[in-house]
$ cat model25.txt   # compact mmCIF, C-alpha atoms and all ligand atoms
# COMPACT_ATOMS: atom_id res chain seq x y z
CA MET I 1 -193.32 0.69 85.66
CA ILE I 2 -197.01 1.54 85.27
CA TYR I 3 -197.59 5.29 85.27
CA LEU I 4 -200.94 6.27 86.80
CA ASP I 5 -200.27 9.93 87.61
CA ALA I 6 -201.47 11.58 84.39
CA ALA I 7 -203.11 14.41 86.35
CA GLY I 8 -199.63 15.22 87.67
CA THR I 9 -198.09 15.41 84.24
CA THR I 10 -197.75 13.51 80.95
CA PRO I 11 -194.81 12.75 78.65
CA VAL I 12 -194.43 14.84 75.50
CA ARG I 13 -196.02 13.17 72.48
CA ARG I 14 -193.79 12.44 69.52
CA GLU I 15 -196.08 14.37 67.13
CA VAL I 16 -195.84 17.34 69.49
CA LEU I 17 -192.06 17.19 69.62
CA GLU I 18 -191.94 17.01 65.82
CA ALA I 19 -194.27 20.00 65.47
CA MET I 20 -192.07 22.05 67.87
CA TRP I 21 -188.75 21.15 66.29
CA PRO I 22 -188.73 23.68 63.41
CA TYR I 23 -189.37 26.55 65.85
CA LEU I 24 -186.41 25.52 67.99
CA THR I 25 -184.08 25.22 65.01
CA GLY I 26 -184.55 26.67 61.49
CA ASP I 27 -187.54 28.92 62.22
CA PHE I 28 -186.13 30.17 65.52
CA GLY I 29 -186.89 33.86 64.92
CA ASN I 30 -188.43 36.30 67.35
CA PRO I 31 -192.07 36.67 66.27
CA SER I 32 -191.84 40.45 66.77
CA SER I 33 -188.95 40.77 64.28
CA HIS I 34 -189.78 42.03 60.82
CA HIS I 35 -187.31 39.92 58.86
CA GLU I 36 -188.26 36.65 57.27
CA LEU I 37 -187.22 34.46 60.20
CA GLY I 38 -189.37 36.55 62.51
CA GLU I 39 -192.29 36.33 60.15
CA ARG I 40 -192.01 32.56 59.95
CA ALA I 41 -192.07 32.36 63.76
CA ARG I 42 -195.04 34.74 63.84
CA ALA I 43 -196.88 32.54 61.32
CA GLY I 44 -196.27 29.47 63.52
CA LEU I 45 -197.47 31.30 66.62
CA GLU I 46 -200.62 32.58 64.95
CA ALA I 47 -201.40 29.17 63.43
CA ALA I 48 -201.10 27.71 66.95
CA ARG I 49 -203.43 30.40 68.30
CA ALA I 50 -205.96 29.63 65.56
CA ASP I 51 -205.78 25.90 66.38
CA VAL I 52 -206.45 26.54 70.08
CA ALA I 53 -209.28 28.94 69.19
CA ARG I 54 -210.89 26.29 66.96
CA VAL I 55 -211.02 23.80 69.84
CA LEU I 56 -212.35 26.44 72.24
CA GLY I 57 -214.87 27.82 69.74
CA CYS I 58 -213.58 31.37 70.13
CA ARG I 59 -211.71 33.97 68.07
CA PRO I 60 -207.91 33.64 67.87
CA GLY I 61 -207.58 37.13 69.36
CA GLU I 62 -209.26 35.84 72.52
CA VAL I 63 -206.42 33.35 73.22
CA THR I 64 -203.36 34.45 75.26
CA PHE I 65 -200.43 32.08 75.61
CA THR I 66 -198.96 31.87 79.11
CA SER I 67 -196.24 29.98 80.98
CA GLY I 68 -198.76 27.34 82.10
CA GLY I 69 -201.99 26.72 83.93
CA THR I 70 -200.86 28.59 87.03
CA GLU I 71 -200.15 31.78 85.13
CA ALA I 72 -203.38 31.47 83.14
CA ASP I 73 -205.35 31.17 86.41
CA ASN I 74 -203.49 34.12 87.96
CA LEU I 75 -204.09 36.27 84.90
CA ALA I 76 -207.79 35.39 84.82
CA VAL I 77 -208.56 35.90 88.50
CA LYS I 78 -206.33 38.90 89.18
CA GLY I 79 -206.56 40.47 85.73
CA ILE I 80 -210.36 40.36 85.56
CA ALA I 81 -210.92 41.36 89.20
CA LEU I 82 -208.63 44.38 88.94
CA ALA I 83 -210.14 45.54 85.64
CA ARG I 84 -213.71 45.04 86.87
CA ARG I 85 -213.11 47.00 90.08
CA ALA I 86 -211.41 49.79 88.10
CA ALA I 87 -214.58 50.06 85.98
CA ASP I 88 -216.95 49.75 88.95
CA PRO I 89 -215.44 50.47 92.41
CA ARG I 90 -218.28 48.64 94.18
CA ARG I 91 -216.96 45.31 92.85
CA THR I 92 -214.59 44.38 95.66
CA ARG I 93 -215.36 40.68 96.23
CA ILE I 94 -214.14 37.49 94.56
CA ALA I 95 -216.04 34.20 94.56
CA VAL I 96 -214.07 30.95 94.32
CA SER I 97 -215.05 27.38 95.11
CA ALA I 98 -213.54 25.62 98.12
CA VAL I 99 -211.91 22.97 95.90
CA GLU I 100 -209.97 25.22 93.51
CA HIS I 101 -206.36 24.57 92.62
CA PRO I 102 -203.93 26.75 94.62
CA ALA I 103 -203.33 28.77 91.41
CA VAL I 104 -206.86 30.16 91.81
CA LEU I 105 -207.15 30.11 95.61
CA GLU I 106 -203.84 31.87 96.17
CA SER I 107 -204.58 34.41 93.44
CA ALA I 108 -207.77 35.31 95.29
CA ARG I 109 -205.91 35.47 98.63
CA SER I 110 -203.22 37.66 97.09
CA LEU I 111 -205.91 40.07 95.84
CA ALA I 112 -207.26 40.20 99.38
CA ARG I 113 -203.83 40.76 100.91
CA LEU I 114 -202.47 43.30 98.46
CA HIS I 115 -205.56 44.98 97.02
CA GLY I 116 -208.20 44.83 99.74
CA PHE I 117 -210.60 42.43 98.00
CA VAL I 118 -212.80 40.12 100.08
CA VAL I 119 -212.82 36.42 99.15
CA ASP I 120 -216.07 34.46 99.27
CA VAL I 121 -215.43 30.72 99.31
CA VAL I 122 -218.30 28.73 97.80
CA PRO I 123 -218.82 25.40 99.61
CA VAL I 124 -219.14 22.04 97.86
CA ASP I 125 -221.23 18.98 98.68
CA GLY I 126 -219.81 15.64 99.83
CA THR I 127 -218.85 14.70 96.26
CA GLY I 128 -217.10 18.02 95.57
CA ARG I 129 -219.87 19.63 93.47
CA VAL I 130 -220.75 23.32 93.64
CA SER I 131 -224.49 23.83 93.34
CA PRO I 132 -225.86 26.80 91.38
CA GLU I 133 -227.71 27.79 94.57
CA ALA I 134 -224.46 27.89 96.57
CA LEU I 135 -222.87 30.18 93.99
CA ALA I 136 -226.02 32.32 93.77
CA ALA I 137 -225.87 32.83 97.55
CA VAL I 138 -222.48 34.49 97.17
CA VAL I 139 -222.35 36.46 93.90
CA GLY I 140 -223.94 39.89 93.69
CA PRO I 141 -223.44 43.51 92.65
CA ASP I 142 -220.21 43.68 94.67
CA THR I 143 -218.56 40.62 93.03
CA ALA I 144 -215.73 41.34 90.57
CA VAL I 145 -215.12 37.80 89.29
CA ALA I 146 -216.23 34.22 90.00
CA SER I 147 -214.00 31.21 89.41
CA VAL I 148 -215.03 27.55 89.61
CA MET I 149 -212.89 24.80 88.12
CA TYR I 150 -214.29 22.58 85.35
CA ALA I 151 -212.93 19.36 86.90
CA ASN I 152 -211.01 18.78 90.10
CA ASN I 153 -207.43 17.54 89.98
CA GLU I 154 -207.61 15.52 93.20
CA VAL I 155 -210.99 13.77 93.13
CA GLY I 156 -211.98 14.23 89.48
CA THR I 157 -215.38 15.81 90.20
CA ILE I 158 -216.83 17.71 87.23
CA GLN I 159 -218.77 20.92 87.91
CA PRO I 160 -221.99 22.05 86.19
CA ILE I 161 -220.10 24.88 84.48
CA ALA I 162 -222.83 26.15 82.13
CA GLU I 163 -225.30 26.46 85.03
CA LEU I 164 -222.73 28.15 87.27
CA ALA I 165 -221.75 30.60 84.52
CA ALA I 166 -225.44 31.49 84.07
CA VAL I 167 -225.74 32.22 87.81
CA ALA I 168 -222.70 34.52 87.66
CA HIS I 169 -224.03 36.29 84.58
CA ALA I 170 -227.38 36.94 86.23
CA ALA I 171 -225.39 39.09 88.70
CA LYS I 172 -223.33 40.59 85.83
CA VAL I 173 -220.23 38.83 87.15
CA PRO I 174 -217.56 37.53 84.73
CA PHE I 175 -217.04 33.76 85.14
CA HIS I 176 -213.67 31.98 84.84
CA THR I 177 -213.11 28.23 84.82
CA ASP I 178 -209.84 26.35 85.34
CA ALA I 179 -210.10 23.65 82.64
CA VAL I 180 -206.56 22.31 83.13
CA GLN I 181 -207.76 18.79 84.03
CA ALA I 182 -210.73 18.85 81.64
CA ALA I 183 -208.80 19.66 78.46
CA GLY I 184 -208.61 16.70 76.13
CA VAL I 185 -211.29 14.66 77.90
CA LEU I 186 -214.30 17.01 78.22
CA PRO I 187 -215.91 19.38 75.67
CA LEU I 188 -214.17 22.76 75.75
CA ASP I 189 -216.41 24.94 73.57
CA VAL I 190 -216.63 28.22 75.50
CA ARG I 191 -219.93 29.12 73.82
CA ASP I 192 -221.60 25.95 75.12
CA LEU I 193 -219.98 26.40 78.53
CA GLY I 194 -220.99 30.07 78.61
CA VAL I 195 -217.74 31.08 80.33
CA ASP I 196 -215.91 34.41 80.01
CA ALA I 197 -212.47 32.97 80.67
CA LEU I 198 -210.93 29.48 80.63
CA SER I 199 -207.42 28.21 81.49
CA ILE I 200 -205.56 25.23 80.03
CA SER I 201 -202.05 23.80 80.48
CA GLY I 202 -199.83 21.95 77.99
CA HIS I 203 -198.17 19.35 80.19
CA LYS I 204 -201.39 17.60 81.13
CA LEU I 205 -202.00 16.91 77.44
CA GLY I 206 -198.73 15.65 75.99
CA ALA I 207 -197.04 19.04 75.48
CA PRO I 208 -194.07 20.20 77.59
CA LYS I 209 -194.29 21.84 80.99
CA GLY I 210 -194.21 25.63 80.98
CA VAL I 211 -196.85 26.51 78.41
CA GLY I 212 -200.55 27.20 78.84
CA ALA I 213 -203.27 29.39 77.45
CA LEU I 214 -206.04 31.62 78.72
CA TYR I 215 -209.21 32.35 76.79
CA VAL I 216 -210.77 35.68 77.71
CA ALA I 217 -213.90 36.80 75.87
CA GLY I 218 -213.33 39.96 73.86
CA ARG I 219 -216.13 41.67 75.80
CA VAL I 220 -214.28 41.23 79.13
CA SER I 221 -211.53 43.66 80.20
CA ILE I 222 -208.38 42.35 81.81
CA GLU I 223 -205.43 44.03 83.53
CA PRO I 224 -202.07 42.52 82.49
CA LEU I 225 -199.89 41.05 85.23
CA VAL I 226 -196.64 41.18 83.24
CA ASP I 227 -195.78 44.52 81.68
CA GLY I 228 -193.25 45.09 78.94
CA GLY I 229 -193.21 45.14 75.16
CA GLY I 230 -196.95 44.60 74.78
CA GLN I 231 -196.88 41.11 73.24
CA GLU I 232 -200.09 39.04 73.29
CA ARG I 233 -202.12 42.20 72.59
CA GLY I 234 -200.75 43.74 75.77
CA ALA I 235 -202.25 41.00 77.97
CA ARG I 236 -198.92 39.26 78.61
CA SER I 237 -195.65 40.90 77.66
CA GLY I 238 -192.51 38.92 76.93
CA THR I 239 -191.11 37.26 73.83
CA GLU I 240 -193.52 34.47 73.04
CA ASN I 241 -192.64 30.80 73.58
CA VAL I 242 -193.35 29.94 69.95
CA ALA I 243 -192.35 26.27 70.11
CA GLY I 244 -194.34 25.89 73.34
CA ALA I 245 -197.43 27.46 71.80
CA VAL I 246 -197.11 25.17 68.77
CA ALA I 247 -196.73 22.21 71.14
CA LEU I 248 -199.81 23.13 73.17
CA ALA I 249 -201.89 23.66 70.03
CA THR I 250 -200.75 20.37 68.51
CA ALA I 251 -201.41 18.41 71.71
CA LEU I 252 -204.83 20.01 72.16
CA ARG I 253 -205.82 19.40 68.53
CA LEU I 254 -204.74 15.74 68.72
CA ALA I 255 -206.48 15.16 72.06
CA GLU I 256 -209.65 16.79 70.79
CA GLY I 257 -209.64 14.53 67.71
CA GLU I 258 -209.18 11.45 69.89
CA ARG I 259 -211.61 12.50 72.61
CA PRO I 260 -214.78 10.82 71.19
CA THR I 261 -213.17 7.38 71.48
CA ALA I 262 -210.51 7.99 74.13
CA ALA I 263 -212.77 9.44 76.84
CA PRO I 264 -215.38 6.61 76.89
CA ARG I 265 -212.58 4.03 76.76
CA LEU I 266 -210.85 5.59 79.76
CA ALA I 267 -214.13 5.86 81.66
CA GLU I 268 -214.85 2.18 81.10
CA LEU I 269 -211.36 1.15 82.17
CA ARG I 270 -211.57 3.37 85.27
CA ARG I 271 -214.96 1.92 86.26
CA GLY I 272 -213.50 -1.60 86.06
CA PHE I 273 -210.47 -0.52 88.08
CA VAL I 274 -212.56 1.08 90.83
CA GLN I 275 -214.72 -2.03 91.09
CA ARG I 276 -211.66 -4.27 91.30
CA VAL I 277 -210.02 -2.08 93.97
CA LEU I 278 -213.17 -2.10 96.09
CA GLU I 279 -213.34 -5.91 95.79
CA LEU I 280 -209.70 -6.42 96.73
CA VAL I 281 -209.52 -3.71 99.42
CA PRO I 282 -213.05 -3.29 100.83
CA GLU I 283 -211.73 -0.74 103.36
CA ALA I 284 -210.97 1.71 100.51
CA LEU I 285 -213.27 4.74 100.23
CA LEU I 286 -213.75 6.18 96.74
CA THR I 287 -213.79 9.98 96.93
CA GLY I 288 -215.52 12.37 94.53
CA ASP I 289 -218.68 12.09 92.46
CA ASP I 290 -219.89 8.77 91.04
CA VAL I 291 -221.45 10.21 87.90
CA HIS I 292 -219.80 13.60 87.30
CA ARG I 293 -216.23 12.33 87.26
CA LEU I 294 -213.26 12.74 84.95
CA PRO I 295 -213.01 9.58 82.82
CA GLY I 296 -209.52 8.64 84.02
CA SER I 297 -209.64 9.68 87.67
CA ALA I 298 -209.98 7.40 90.72
CA SER I 299 -209.01 8.61 94.18
CA PHE I 300 -209.35 6.66 97.39
CA CYS I 301 -208.87 7.17 101.11
CA PHE I 302 -207.74 4.31 103.35
CA PRO I 303 -209.01 5.15 106.84
CA ARG I 304 -206.48 4.67 109.64
CA VAL I 305 -203.72 3.69 107.18
CA SER I 306 -200.81 5.87 106.08
CA GLY I 307 -201.41 6.97 102.48
CA GLU I 308 -197.70 7.77 102.15
CA SER I 309 -196.80 4.18 103.11
CA ILE I 310 -199.24 2.77 100.56
CA LEU I 311 -197.68 5.01 97.90
CA LEU I 312 -194.21 3.75 98.79
CA GLU I 313 -195.36 0.14 98.71
CA LEU I 314 -197.05 0.75 95.35
CA GLU I 315 -193.90 2.31 93.95
CA ARG I 316 -191.88 -0.70 95.11
CA ARG I 317 -194.31 -2.78 93.07
CA GLY I 318 -193.82 -0.58 90.00
CA ILE I 319 -197.02 1.46 90.27
CA ILE I 320 -196.56 5.24 90.07
CA CYS I 321 -199.43 7.31 91.44
CA SER I 322 -199.79 10.17 93.92
CA SER I 323 -201.33 11.20 97.20
CA GLY I 324 -203.47 13.87 95.60
CA SER I 325 -202.11 17.04 94.18
CA ALA I 326 -198.51 17.25 92.99
CA CYS I 327 -198.86 20.99 93.38
CA ALA I 328 -198.86 20.90 97.16
CA ALA I 329 -195.60 18.98 96.98
CA GLY I 330 -193.74 18.78 100.24
CA SER I 331 -196.82 19.71 102.23
CA SER I 332 -197.97 17.28 104.88
CA ASP I 333 -201.17 19.20 105.55
CA PRO I 334 -204.37 17.36 104.72
CA SER I 335 -205.76 18.29 101.30
CA HIS I 336 -208.09 21.32 101.36
CA VAL I 337 -210.16 19.53 98.70
CA LEU I 338 -210.83 16.47 100.84
CA LEU I 339 -211.57 18.65 103.88
CA ALA I 340 -214.07 20.64 101.79
CA LEU I 341 -215.80 17.35 100.94
CA GLY I 342 -216.32 16.85 104.68
CA ILE I 343 -213.66 14.16 105.10
CA ASP I 344 -211.98 14.31 108.53
CA PRO I 345 -208.35 15.56 108.56
CA GLU I 346 -206.93 12.20 109.60
CA THR I 347 -208.66 10.29 106.80
CA ALA I 348 -207.83 13.08 104.34
CA GLN I 349 -204.15 12.30 104.89
CA THR I 350 -204.62 8.76 103.60
CA ALA I 351 -205.48 9.70 100.00
CA VAL I 352 -204.09 7.81 97.03
CA ARG I 353 -204.94 9.11 93.57
CA PHE I 354 -204.77 7.11 90.35
CA THR I 355 -205.11 9.14 87.14
CA LEU I 356 -204.97 7.14 83.94
CA PRO I 357 -203.00 8.17 80.87
CA ALA I 358 -204.67 7.64 77.49
CA THR I 359 -202.28 4.78 76.77
CA VAL I 360 -203.26 2.69 79.82
CA THR I 361 -204.45 -0.90 79.26
CA ALA I 362 -206.83 -3.20 81.16
CA GLY I 363 -203.79 -5.34 81.99
CA ASP I 364 -201.98 -2.37 83.57
CA LEU I 365 -204.99 -1.66 85.75
CA ASP I 366 -205.41 -5.25 86.81
CA GLU I 367 -201.78 -5.26 87.86
CA ALA I 368 -202.23 -1.94 89.69
CA ALA I 369 -205.29 -3.22 91.59
CA ARG I 370 -203.41 -6.35 92.66
CA ALA I 371 -200.40 -4.26 93.66
CA LEU I 372 -202.68 -2.08 95.75
CA GLU I 373 -204.05 -5.16 97.51
CA GLY I 374 -200.46 -6.20 98.25
CA ALA I 375 -199.44 -2.71 99.34
CA TYR I 376 -202.41 -2.45 101.68
CA ALA I 377 -201.63 -5.85 103.15
CA ALA I 378 -197.97 -4.88 103.63
CA VAL I 379 -198.88 -1.64 105.41
CA THR I 380 -201.66 -3.02 107.61
CA GLY I 381 -200.56 -6.60 108.04
CA ILE I 382 -203.97 -7.67 106.71
CA ALA I 383 -203.52 -10.44 104.16
CA ARG I 384 -206.76 -11.81 102.80
CA ARG I 385 -205.57 -14.86 100.94
N1 LIG I 401 -205.12 23.93 87.69
C1 LIG I 401 -205.28 22.61 87.88
C2 LIG I 401 -206.65 22.07 88.09
C3 LIG I 401 -204.18 21.75 87.86
O1 LIG I 401 -204.35 20.44 88.07
C4 LIG I 401 -202.89 22.31 87.65
C5 LIG I 401 -201.68 21.46 87.68
O2 LIG I 401 -201.61 20.49 88.38
C6 LIG I 401 -202.78 23.69 87.44
C7 LIG I 401 -203.91 24.47 87.47
C8 LIG I 401 -201.45 24.35 87.23
O3 LIG I 401 -200.97 24.15 85.93
P1 LIG I 401 -199.40 24.28 85.63
O4 LIG I 401 -198.75 23.08 86.23
O5 LIG I 401 -199.33 24.29 84.12
O6 LIG I 401 -198.94 25.56 86.20
$ encode --input "model25.txt" --output "structure tokens"
Amino acid sequence: MIYLDAAGTTPVRREVLEAMWPYLTGDFGNPSSHHELGERARAGLEAARADVARVLGCRPGEVTFTSGGTEADNLAVKGIALARRAADPRRTRIAVSAVEHPAVLESARSLARLHGFVVDVVPVDGTGRVSPEALAAVVGPDTAVASVMYANNEVGTIQPIAELAAVAHAAKVPFHTDAVQAAGVLPLDVRDLGVDALSISGHKLGAPKGVGALYVAGRVSIEPLVDGGGQERGARSGTENVAGAVALATALRLAEGERPTAAPRLAELRRGFVQRVLELVPEALLTGDDVHRLPGSASFCFPRVSGESILLELERRGIICSSGSACAAGSSDPSHVLLALGIDPETAQTAVRFTLPATVTAGDLDEAARALEGAYAAVTGIARR
């Protein structure tokens, strides 16, 4: 089996599992307890927070551990919008890009439904990029928060985050970015990015599912979504997932150390793969941006062919990939991301996404490209050789 669905999830790294182990066994204490076991758990949790803060270039107190990327996005969008409107009642609008993950889009819609906010959706160009001008056209003195993802999970397009954050700041609007797909392959320093809030998720990086983190700048107020014992400085109550936090920190630290060699290697392998696919299946349309693209992401549409059938044929040939987002699982609607790029609904339903894990080899990709040629031939009856 060749696994090419790393944007869906990744296996837990051995080093990560080993780093977690003590906090699941001997040092199992509750970090809020004052006995020694509790203090050992607290020390592990705070060391993990410091590790994450080092990668993000922020203070440890600006990192909140969450149950994953979805919760981090919810906390950022809802928490900041509610706090900002409480401080300034004119701020009743939320700006989000058209290609956001549902964790951001649905958070904005929920604010509209339950709290009377108005959602401004910022359009993207044909490659999925948000221009600073498009954001500037929407943010103003009535905007409570703006959220644009760092890199898209379906087509891999990378946004000009520093420029977009500057546009938001010119209107005194806090700026959040969903960096779930960027973590480990793109620079994450929040000072360079100029963002006020940034979300990451463990399971895209070699940590388990169910742990994530949100950076929120100390200068930005945030309303908690989960109330209780006041853990995480009141931003997110509930006994902390110590082993999960240690796992996320370990995975992030390892990925960050490997990034200078791993990211260019993946980009080179992906470029070769895309070229090979377009040679073998000239009908394939590469979606997303040619230049501003996640190193390991290649997504195609196959006009007038069933994407689902290609996926099944690929799986029969041992190639595991996806139709786009795993998060819209079970949905047969065309992807909102591809529609936002201007792709027609019928073609949008033919998407096949390959996202390369760090361990992928040139041989794997050659096999995958040949399998795709075979899968396409099986589905369409077009055999070229
Ligand atoms: N944001 C993006 C861009 C994602 O790709 C994902 C997961 O696919 C999430 C958020 C949600 O993260 P999690 O699965 O940790 O809830």
$ residues_near_ligand --input "model25.txt" --ligand "ligand LIG 401 (chain I)" --cutoff "9 Å" --atoms "only C-alpha atoms and all ligand atoms" --output "JSON, numbers by chain"
{"I": [7, 8, 9, 67, 68, 69, 70, 71, 72, 73, 100, 101, 102, 103, 104, 149, 150, 151, 152, 153, 154, 178, 179, 180, 181, 182, 199, 200, 201, 202, 203, 204, 209, 210, 211, 212, 325, 326, 327]}
$ residues_around --input "model25.txt" --residues "Ala41 of chain I" --least-positions-apart "3" --cutoff "8 Å" --atoms "all atoms listed in the file" --output "PDB file with C-alpha atoms, in the frame of the given file"
ATOM      1  CA  TYR I  23    -189.370  26.550  65.850  1.00  0.00           C
ATOM      2  CA  ASP I  27    -187.540  28.920  62.220  1.00  0.00           C
ATOM      3  CA  PHE I  28    -186.130  30.170  65.520  1.00  0.00           C
ATOM      4  CA  GLY I  29    -186.890  33.860  64.920  1.00  0.00           C
ATOM      5  CA  ASN I  30    -188.430  36.300  67.350  1.00  0.00           C
ATOM      6  CA  PRO I  31    -192.070  36.670  66.270  1.00  0.00           C
ATOM      7  CA  LEU I  37    -187.220  34.460  60.200  1.00  0.00           C
ATOM      8  CA  GLY I  38    -189.370  36.550  62.510  1.00  0.00           C
ATOM      9  CA  GLY I  44    -196.270  29.470  63.520  1.00  0.00           C
ATOM     10  CA  LEU I  45    -197.470  31.300  66.620  1.00  0.00           C
ATOM     11  CA  VAL I 242    -193.350  29.940  69.950  1.00  0.00           C
TER      12      VAL I 242
END
$ atom_distance --input "model25.txt" --atom1 "atom CA of Val360 of chain I" --atom2 "atom CA of Leu4 of chain I"
8.2 Å
$ residues_around --input "model25.txt" --residues "segment 255-264 of chain I" --least-positions-apart "4" --cutoff "7 Å" --atoms "only C-alpha atoms" --output "JSON, numbers by chain"
{"I": [184, 185, 251, 268, 295, 358]}
$ closest_residue --input "model25.txt" --among "I:Leu280, I:Val16, I:Ala348, I:Ala48" --to "Phe300 of chain I" --atoms "all atoms listed in the file"
I:Ala348
$ atom_distance --input "model25.txt" --atom1 "atom CA of Ala298 of chain I" --atom2 "atom CA of Val352 of chain I"
8.6 Å
$ closest_residue --input "model25.txt" --among "I:Leu135, I:Gly363, I:Arg85, I:Val96" --to "Phe117 of chain I" --atoms "all atoms listed in the file"
I:Arg85
$ residues_around --input "model25.txt" --residues "Ser309 of chain I" --least-positions-apart "3" --cutoff "10 Å" --atoms "only C-alpha atoms" --output "list in words"
Val305, Ser306, Leu312, Glu313, Leu314, Glu315, Thr350, Ala375, Tyr376, Ala378, Val379 and Thr380 of chain I
$ atom_distance --input "model25.txt" --atom1 "atom CA of Phe302 of chain I" --atom2 "atom CA of Ala284 of chain I"
5.0 Å
$ closest_residue --input "model25.txt" --among "I:Val119, I:Cys321, I:Leu111, I:Ala81" --to "Val173 of chain I" --atoms "only C-alpha atoms"
I:Ala81
$ closest_residue --input "model25.txt" --among "I:Asp196, I:Glu223, I:Asp125, I:Asp366" --to "Ser147 of chain I" --atoms "all atoms listed in the file"
I:Asp196
$ residues_near_point --input "model25.txt" --point "(-218.5, 22.7, 90.6)" --cutoff "7 Å" --atoms "only C-alpha atoms" --output "PyMOL selection string"
chain I and resi 128-131+148-150+158-161
$ closest_residue --input "model25.txt" --among "I:Arg219, I:Arg54, I:Lys78, I:Arg84" --to "Leu105 of chain I" --atoms "only C-alpha atoms"
I:Lys78
$ closest_residue --input "model25.txt" --among "I:Leu338, I:Ile310, I:Leu269, I:Ala371" --to "Thr287 of chain I" --atoms "only C-alpha atoms"
I:Leu338
